[in-house]
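S.K.: This is the structure I want to talk about, given as structure tokens.
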Amino acid sequence: MEDKGLSTNTRRILLLINCLILAVGICGGPLMMRLYYVEGGSRIWLSSWLQTAGWPLTFIPLAILYFYRRKSEGSNAKFYFITPRIFIASFVIGVVTGVDNFLYSWGGSKLPVSTSSLLLAAQLAFTAVGAFFIVKLKFTPYSINAVVLLTLGAVLLGVRSNGDRPEGVISKAYILGFMMTLLAAALYGVILPCIELIYLKAKQAITATLVLEIQMVMCFAATIFCTVGMVANNDFQAISREAKQFNLGEARYYTVIVWTAIIWQCFFVGVIGVIYCSSSLMSGVMIAVLLPATEVLAVVFFRENFSGEKGLALFLSLWGFVSYFYGEFKQTMKQKNRSSETEMTTTHIESV
């Protein structure tokens with residue numbers, strides 16, 4: 001588990017686990033954030049802060065991995081793997097993530113959950129472009145097709161979003177929120193390839209422990225950034241007052257706050273886990289393909305309209321998902337065939 005040279009089957013199992021964790025985060029995070037706003041919450045910095053405030057939870061898997069190493073390596077087991085160079089890079093990306101969280105929270109306070117599709121659509125496109133330039137990711141016809149289909153599907157979900165404008169939100173605020181989500185998408189589309197770049201330039205084995213340490217530093221930095229914003233905006237003093245005025249009651253206010261932090265932490269752990277097991281583009285594709293599930297949940301819990309456009313978007317998203325994984329399957333089979341041919345050639349030469 002701690003070895004970068006994971007077998008193909010082990011890597012696939014880890015990828016599946018991280019995809020499931022990411023699914024919890026990407027489906028639950030936006031819904032919890034919207035629940036906070038719909039039921040009377042209004043502190044944007046607090047909402048931003050909650051997206052990464054669950055970073056201490058990362059100590060749990062880190063402790064498990066440490067005791068695992070301790071058992072197999074004895075007193076020689078390293079307590080941590082992150083180097084000062086990786087720490088600084090992770091911290092900088094974390095601060096940028098904090099900025100992105102604020103932009104997303106601001107947009108989310110003015111837009112319905114369905115409009116998050118625009119954010120997710122643009123994020124996938126920016127991730128694809130960012131991965132191409134930052135980590136030199138090679139595109140295949142299948143991955144290009146997946147990006148196009150997923151982007152079209154997600155954008156289609158947002159085309160008719162103007163009719164879903166929340167009550168009490170004026171047109172100017174709605175448009176500004178729309179622009180904030182697109183800006184947040186552009187920023188996050190750069191963040192994902194930058195995380196992958198850290199892995200590529202690390203000059204050391206990328207273990208599960210190191211991946212979790214990078215994620216923890218990033219979330220810690222983002223939380224510090226948002227904490228400064230909360231202090232400047234007097235959000236800490238306003239929490240108790242807002243809790244008393246919350247539509248669901250004071251106790252449920254704090255329940256929403258705690259679970260929001262936990263669910264968003266699943267998102268960040270899942271994202272870096274998918275990048276570790278695959279690529280930043282794969283992470284972007286997973287975020288986009290989980291969009292329809294978020295839409296369905298929004299319809300169920302917030303009674304948002306499920307129009308024909310959303311049904312078509314669901315079809316396009318699933319098509320793109322299948323296209324991407326079919327391309328990955330073909331690529332894996334090609335590599336296996338090349339390896340087999342190389343082995344056969346080597347064996348033939350040795351026998352001669």
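Each chain in the structure tokens gets a letter, A, B, ..., in the order shown, and its residues are numbered from 1; ligands are numbered from 1 in order too.
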When DSSP is applied to the backbone of this structure, which of region 77-302 of chain A are assigned helix (DSSP H, G or I)? Write them out as a PyMOL selection string.

M.R.: chain A and resi 84-110+113-134+141-159+161-164+171-200+208-232+235-245+250-277+280-289+291-302

S.K.: Hey, what's within 9 Å of Leu248 (chain A) if we count only C-alpha atoms and toss same-chain stuff fewer than 4 positions away? As a PyMOL selection string, please?

M.R.: chain A and resi 39-40+252-253

S.K.: Generate the output file for the selected residues, N, CA and C atoms, as an mmCIF file, in the first residue's frame.

M.R.:
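The result, written out as result-v5.cif:
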```cif
data_model
loop_
_atom_site.group_PDB
_atom_site.id
_atom_site.type_symbol
_atom_site.label_atom_id
_atom_site.label_comp_id
_atom_site.auth_asym_id
_atom_site.auth_seq_id
_atom_site.Cartn_x
_atom_site.Cartn_y
_atom_site.Cartn_z
ATOM 1 N N GLU A 39 -31.633 27.435 4.314
ATOM 2 C CA GLU A 39 -32.274 27.450 5.638
ATOM 3 C C GLU A 39 -31.865 28.635 6.511
ATOM 4 N N GLY A 40 -31.241 29.640 5.917
ATOM 5 C CA GLY A 40 -30.977 30.864 6.664
ATOM 6 C C GLY A 40 -29.526 31.247 6.867
ATOM 7 N N ARG A 252 -29.591 21.586 14.838
ATOM 8 C CA ARG A 252 -29.372 21.119 13.471
ATOM 9 C C ARG A 252 -28.435 22.037 12.691
ATOM 10 N N TYR A 253 -28.351 23.281 13.109
ATOM 11 C CA TYR A 253 -27.399 24.209 12.486
ATOM 12 C C TYR A 253 -25.987 23.666 12.657
#
```

S.K.: Sorted by chain and rising residue number, list the residues of region 277-301 of chain A at most 10 Å from region 196-209 of chain A (counting only C-alpha atoms), each with its closest atom pair and distance in Å to one decimal, as a tab-separated table.

M.R.:
```
residue	atom	partner	partner_atom	distance
A:Cys277	CA	A:Ala208	CA	9.8
A:Ser278	CA	A:Glu196	CA	9.6
A:Ser279	CA	A:Glu196	CA	7.0
A:Ser280	CA	A:Glu196	CA	6.3
A:Leu281	CA	A:Glu196	CA	9.7
```

S.K.: If we count only C-alpha atoms, what is near region 45-57 of chain A at a cut-off of 6 Å, once residues fewer than 3 positions away on the same chain are taken out, given as a PyMOL selection string?

M.R.: chain A and resi 60+101-102+105+216+219+223+226+230+261-262+264-265

S.K.: Could you write out the selected residues, including all heavy atoms, as a JSON list (two decimals), in the first residue's frame?

M.R.:
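Printed below is selection.json as written:
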```json
[["chain", "number", "residue", "atom", "x", "y", "z"],
["A", 60, "ILE", "N", -6.31, 10.43, 10.93],
["A", 60, "ILE", "CA", -6.76, 9.06, 11.18],
["A", 60, "ILE", "C", -6.11, 8.07, 10.22],
["A", 60, "ILE", "O", -5.45, 7.12, 10.67],
["A", 60, "ILE", "CB", -8.31, 8.97, 11.12],
["A", 60, "ILE", "CG1", -8.93, 9.85, 12.21],
["A", 60, "ILE", "CG2", -8.78, 7.52, 11.25],
["A", 60, "ILE", "CD1", -10.44, 9.95, 12.13],
["A", 101, "ASN", "N", -12.18, 28.32, -3.00],
["A", 101, "ASN", "CA", -13.32, 28.00, -2.13],
["A", 101, "ASN", "C", -14.21, 29.22, -1.89],
["A", 101, "ASN", "O", -15.43, 29.11, -1.87],
["A", 101, "ASN", "CB", -12.82, 27.46, -0.79],
["A", 101, "ASN", "CG", -12.19, 26.09, -0.91],
["A", 101, "ASN", "OD1", -12.34, 25.42, -1.93],
["A", 101, "ASN", "ND2", -11.48, 25.67, 0.12],
["A", 102, "PHE", "N", -13.57, 30.38, -1.70],
["A", 102, "PHE", "CA", -14.35, 31.60, -1.48],
["A", 102, "PHE", "C", -15.17, 31.96, -2.72],
["A", 102, "PHE", "O", -16.35, 32.31, -2.61],
["A", 102, "PHE", "CB", -13.42, 32.76, -1.12],
["A", 102, "PHE", "CG", -14.14, 34.08, -0.99],
["A", 102, "PHE", "CD1", -14.90, 34.36, 0.14],
["A", 102, "PHE", "CD2", -14.07, 35.04, -2.00],
["A", 102, "PHE", "CE1", -15.59, 35.57, 0.26],
["A", 102, "PHE", "CE2", -14.75, 36.24, -1.89],
["A", 102, "PHE", "CZ", -15.51, 36.51, -0.76],
["A", 105, "SER", "N", -18.05, 29.48, -2.96],
["A", 105, "SER", "CA", -19.06, 29.72, -1.93],
["A", 105, "SER", "C", -19.88, 30.97, -2.24],
["A", 105, "SER", "O", -21.09, 31.00, -2.03],
["A", 105, "SER", "CB", -18.40, 29.87, -0.56],
["A", 105, "SER", "OG", -17.79, 28.67, -0.16],
["A", 216, "MET", "N", -3.32, 17.14, 3.33],
["A", 216, "MET", "CA", -3.54, 17.76, 4.62],
["A", 216, "MET", "C", -2.93, 19.16, 4.67],
["A", 216, "MET", "O", -3.56, 20.10, 5.18],
["A", 216, "MET", "CB", -2.93, 16.90, 5.74],
["A", 216, "MET", "CG", -3.24, 17.42, 7.14],
["A", 216, "MET", "SD", -2.72, 16.31, 8.46],
["A", 216, "MET", "CE", -0.93, 16.46, 8.31],
["A", 219, "CYS", "N", -5.17, 21.55, 2.58],
["A", 219, "CYS", "CA", -6.40, 21.93, 3.28],
["A", 219, "CYS", "C", -6.10, 22.81, 4.49],
["A", 219, "CYS", "O", -6.88, 23.72, 4.81],
["A", 219, "CYS", "CB", -7.16, 20.67, 3.72],
["A", 219, "CYS", "SG", -7.93, 19.79, 2.34],
["A", 223, "THR", "N", -7.55, 26.51, 4.92],
["A", 223, "THR", "CA", -8.30, 26.84, 6.14],
["A", 223, "THR", "C", -7.75, 28.09, 6.81],
["A", 223, "THR", "O", -8.52, 28.94, 7.30],
["A", 223, "THR", "CB", -8.27, 25.66, 7.13],
["A", 223, "THR", "OG1", -8.78, 24.48, 6.48],
["A", 223, "THR", "CG2", -9.12, 25.94, 8.36],
["A", 226, "CYS", "N", -8.98, 31.09, 4.85],
["A", 226, "CYS", "CA", -10.39, 31.39, 5.11],
["A", 226, "CYS", "C", -10.62, 31.84, 6.56],
["A", 226, "CYS", "O", -11.55, 32.61, 6.83],
["A", 226, "CYS", "CB", -11.25, 30.16, 4.81],
["A", 226, "CYS", "SG", -11.30, 29.73, 3.04],
["A", 230, "MET", "N", -12.62, 35.04, 7.87],
["A", 230, "MET", "CA", -13.68, 34.97, 8.89],
["A", 230, "MET", "C", -13.43, 35.97, 10.02],
["A", 230, "MET", "O", -14.36, 36.62, 10.49],
["A", 230, "MET", "CB", -13.75, 33.56, 9.47],
["A", 230, "MET", "CG", -14.38, 32.53, 8.53],
["A", 230, "MET", "SD", -14.57, 30.92, 9.33],
["A", 230, "MET", "CE", -15.82, 31.27, 10.55],
["A", 261, "ALA", "N", -18.32, 19.97, 6.79],
["A", 261, "ALA", "CA", -16.85, 19.86, 6.85],
["A", 261, "ALA", "C", -16.39, 18.44, 6.55],
["A", 261, "ALA", "O", -15.42, 18.23, 5.81],
["A", 261, "ALA", "CB", -16.35, 20.32, 8.22],
["A", 262, "ILE", "N", -17.09, 17.44, 7.10],
["A", 262, "ILE", "CA", -16.70, 16.04, 6.90],
["A", 262, "ILE", "C", -16.87, 15.64, 5.43],
["A", 262, "ILE", "O", -15.98, 15.02, 4.83],
["A", 262, "ILE", "CB", -17.54, 15.12, 7.80],
["A", 262, "ILE", "CG1", -17.19, 15.35, 9.27],
["A", 262, "ILE", "CG2", -17.32, 13.65, 7.43],
["A", 262, "ILE", "CD1", -18.09, 14.61, 10.25],
["A", 264, "TRP", "N", -17.06, 17.58, 2.70],
["A", 264, "TRP", "CA", -16.12, 18.26, 1.81],
["A", 264, "TRP", "C", -14.72, 17.65, 1.92],
["A", 264, "TRP", "O", -13.96, 17.63, 0.94],
["A", 264, "TRP", "CB", -16.06, 19.76, 2.12],
["A", 264, "TRP", "CG", -17.09, 20.58, 1.43],
["A", 264, "TRP", "CD1", -18.04, 21.38, 1.99],
["A", 264, "TRP", "CD2", -17.28, 20.71, 0.00],
["A", 264, "TRP", "NE1", -18.82, 21.98, 1.03],
["A", 264, "TRP", "CE2", -18.38, 21.59, -0.21],
["A", 264, "TRP", "CE3", -16.65, 20.15, -1.11],
["A", 264, "TRP", "CZ2", -18.83, 21.93, -1.48],
["A", 264, "TRP", "CZ3", -17.11, 20.49, -2.38],
["A", 264, "TRP", "CH2", -18.19, 21.37, -2.54],
["A", 265, "GLN", "N", -14.35, 17.15, 3.10],
["A", 265, "GLN", "CA", -13.05, 16.50, 3.25],
["A", 265, "GLN", "C", -12.98, 15.25, 2.40],
["A", 265, "GLN", "O", -11.93, 14.91, 1.85],
["A", 265, "GLN", "CB", -12.79, 16.18, 4.72],
["A", 265, "GLN", "CG", -11.34, 15.86, 5.05],
["A", 265, "GLN", "CD", -10.39, 17.00, 4.72],
["A", 265, "GLN", "OE1", -10.78, 18.16, 4.74],
["A", 265, "GLN", "NE2", -9.16, 16.67, 4.39]]
```

S.K.: Please report, as a Markdown table, each residue of region 43-149 of chain A lying at most 8 Å from region 315-338 of chain A, together with the nearest pair of atoms and the separation in Å rounded to one decimal; use only C-alpha atoms, and order rows by chain and ascending residue number.

M.R.:
```
| residue | atom | partner | partner_atom | distance |
| --- | --- | --- | --- | --- |
| A:Thr140 | CA | A:Gly327 | CA | 7.5 |
| A:Pro141 | CA | A:Gly327 | CA | 7.9 |
| A:Tyr142 | CA | A:Gly327 | CA | 5.1 |
| A:Ser143 | CA | A:Tyr324 | CA | 5.1 |
| A:Asn145 | CA | A:Gly320 | CA | 6.8 |
| A:Ala146 | CA | A:Gly320 | CA | 4.0 |
| A:Val147 | CA | A:Gly320 | CA | 7.0 |
| A:Val148 | CA | A:Gly320 | CA | 7.8 |
| A:Leu149 | CA | A:Gly320 | CA | 5.2 |
```

S.K.: Could you save those same residues with N, CA and C atoms as an mmCIF file, in the first residue's frame?

M.R.:
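Everything below was put into again.cif:
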```
data_model
loop_
_atom_site.group_PDB
_atom_site.id
_atom_site.type_symbol
_atom_site.label_atom_id
_atom_site.label_comp_id
_atom_site.auth_asym_id
_atom_site.auth_seq_id
_atom_site.Cartn_x
_atom_site.Cartn_y
_atom_site.Cartn_z
ATOM 1 N N THR A 140 -5.997 11.161 -26.142
ATOM 2 C CA THR A 140 -6.368 10.126 -27.096
ATOM 3 C C THR A 140 -7.723 10.520 -27.673
ATOM 4 N N PRO A 141 -8.119 9.948 -28.811
ATOM 5 C CA PRO A 141 -9.452 10.277 -29.355
ATOM 6 C C PRO A 141 -10.570 10.015 -28.346
ATOM 7 N N TYR A 142 -10.382 8.992 -27.511
ATOM 8 C CA TYR A 142 -11.419 8.649 -26.530
ATOM 9 C C TYR A 142 -11.477 9.665 -25.396
ATOM 10 N N SER A 143 -10.319 10.128 -24.934
ATOM 11 C CA SER A 143 -10.320 11.112 -23.854
ATOM 12 C C SER A 143 -10.841 12.454 -24.346
ATOM 13 N N ASN A 145 -13.020 12.819 -26.790
ATOM 14 C CA ASN A 145 -14.465 12.611 -26.928
ATOM 15 C C ASN A 145 -15.161 12.707 -25.569
ATOM 16 N N ALA A 146 -14.531 12.129 -24.534
ATOM 17 C CA ALA A 146 -15.108 12.161 -23.190
ATOM 18 C C ALA A 146 -15.192 13.587 -22.666
ATOM 19 N N VAL A 147 -14.127 14.363 -22.866
ATOM 20 C CA VAL A 147 -14.103 15.746 -22.398
ATOM 21 C C VAL A 147 -15.199 16.568 -23.081
ATOM 22 N N VAL A 148 -15.324 16.380 -24.403
ATOM 23 C CA VAL A 148 -16.332 17.129 -25.169
ATOM 24 C C VAL A 148 -17.741 16.765 -24.709
ATOM 25 N N LEU A 149 -18.014 15.462 -24.575
ATOM 26 C CA LEU A 149 -19.353 15.006 -24.188
ATOM 27 C C LEU A 149 -19.711 15.442 -22.766
#
```

S.K.: Would you pick out the contacts of region 234-241 of chain A at 10 Å or less, using only C-alpha atoms, so that residues sharing its chain but fewer than 6 positions from it are not included, and give the list as number ranges by chain?

M.R.: A: 41-46, 227-228, 250, 253-254

S.K.: Report, in Å with one decimal, the straight-line distance from CA of Pro166 (chain A) to CA of Lys110 (chain A).

M.R.: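 That distance, rounded to one decimal, is 7.2 Å.
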
S.K.: Can you list every residue of region 281-309 of chain A that has an atom at most 12 Å from region 25-28 of chain A, with its nearest atom pair and the distance in Å to one decimal, using only C-alpha atoms, ordered by chain then number, as a tab-separated table?

M.R.:
```
residue	atom	partner	partner_atom	distance
A:Ser283	CA	A:Ile26	CA	11.3
A:Gly284	CA	A:Ile26	CA	11.2
A:Met286	CA	A:Ile26	CA	9.3
A:Ile287	CA	A:Ile26	CA	6.7
A:Ala288	CA	A:Ile26	CA	9.4
A:Val289	CA	A:Ile26	CA	10.2
A:Leu290	CA	A:Cys27	CA	7.0
A:Leu291	CA	A:Cys27	CA	7.4
A:Pro292	CA	A:Cys27	CA	9.1
A:Ala293	CA	A:Cys27	CA	6.6
A:Thr294	CA	A:Cys27	CA	4.8
A:Glu295	CA	A:Cys27	CA	8.5
A:Val296	CA	A:Cys27	CA	9.6
A:Leu297	CA	A:Cys27	CA	7.8
A:Ala298	CA	A:Cys27	CA	9.3
A:Phe301	CA	A:Gly28	CA	11.3
```

S.K.: Can I get the selected residues back with N, CA and C atoms, as an mmCIF file, in the first residue's frame?

M.R.:
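Once written, again01.cif looks like this:
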```cif
data_model
loop_
_atom_site.group_PDB
_atom_site.id
_atom_site.type_symbol
_atom_site.label_atom_id
_atom_site.label_comp_id
_atom_site.auth_asym_id
_atom_site.auth_seq_id
_atom_site.Cartn_x
_atom_site.Cartn_y
_atom_site.Cartn_z
ATOM 1 N N SER A 283 -9.460 12.704 -12.655
ATOM 2 C CA SER A 283 -10.148 13.335 -11.523
ATOM 3 C C SER A 283 -11.225 14.294 -12.023
ATOM 4 N N GLY A 284 -10.876 15.082 -13.046
ATOM 5 C CA GLY A 284 -11.846 16.008 -13.638
ATOM 6 C C GLY A 284 -13.016 15.289 -14.270
ATOM 7 N N MET A 286 -14.175 12.324 -13.388
ATOM 8 C CA MET A 286 -15.014 11.769 -12.320
ATOM 9 C C MET A 286 -15.924 12.843 -11.726
ATOM 10 N N ILE A 287 -15.383 14.046 -11.532
ATOM 11 C CA ILE A 287 -16.198 15.142 -11.003
ATOM 12 C C ILE A 287 -17.363 15.430 -11.939
ATOM 13 N N ALA A 288 -17.062 15.442 -13.245
ATOM 14 C CA ALA A 288 -18.102 15.752 -14.230
ATOM 15 C C ALA A 288 -19.145 14.641 -14.334
ATOM 16 N N VAL A 289 -18.688 13.383 -14.277
ATOM 17 C CA VAL A 289 -19.626 12.280 -14.459
ATOM 18 C C VAL A 289 -20.533 12.108 -13.244
ATOM 19 N N LEU A 290 -20.098 12.615 -12.093
ATOM 20 C CA LEU A 290 -20.922 12.532 -10.885
ATOM 21 C C LEU A 290 -21.949 13.661 -10.815
ATOM 22 N N LEU A 291 -21.825 14.595 -11.748
ATOM 23 C CA LEU A 291 -22.753 15.725 -11.786
ATOM 24 C C LEU A 291 -24.219 15.304 -11.868
ATOM 25 N N PRO A 292 -24.585 14.352 -12.748
ATOM 26 C CA PRO A 292 -25.997 13.958 -12.812
ATOM 27 C C PRO A 292 -26.544 13.476 -11.473
ATOM 28 N N ALA A 293 -25.716 12.763 -10.692
ATOM 29 C CA ALA A 293 -26.167 12.288 -9.379
ATOM 30 C C ALA A 293 -26.479 13.475 -8.472
ATOM 31 N N THR A 294 -25.633 14.506 -8.538
ATOM 32 C CA THR A 294 -25.868 15.718 -7.756
ATOM 33 C C THR A 294 -27.175 16.377 -8.184
ATOM 34 N N GLU A 295 -27.412 16.385 -9.495
ATOM 35 C CA GLU A 295 -28.638 16.978 -10.022
ATOM 36 C C GLU A 295 -29.881 16.248 -9.516
ATOM 37 N N VAL A 296 -29.830 14.910 -9.552
ATOM 38 C CA VAL A 296 -30.962 14.109 -9.088
ATOM 39 C C VAL A 296 -31.224 14.359 -7.604
ATOM 40 N N LEU A 297 -30.145 14.413 -6.825
ATOM 41 C CA LEU A 297 -30.289 14.670 -5.386
ATOM 42 C C LEU A 297 -30.861 16.064 -5.123
ATOM 43 N N ALA A 298 -30.469 17.025 -5.966
ATOM 44 C CA ALA A 298 -30.998 18.387 -5.824
ATOM 45 C C ALA A 298 -32.497 18.404 -6.102
ATOM 46 N N PHE A 301 -34.150 16.624 -2.891
ATOM 47 C CA PHE A 301 -34.102 17.339 -1.604
ATOM 48 C C PHE A 301 -34.556 18.798 -1.681
#
```
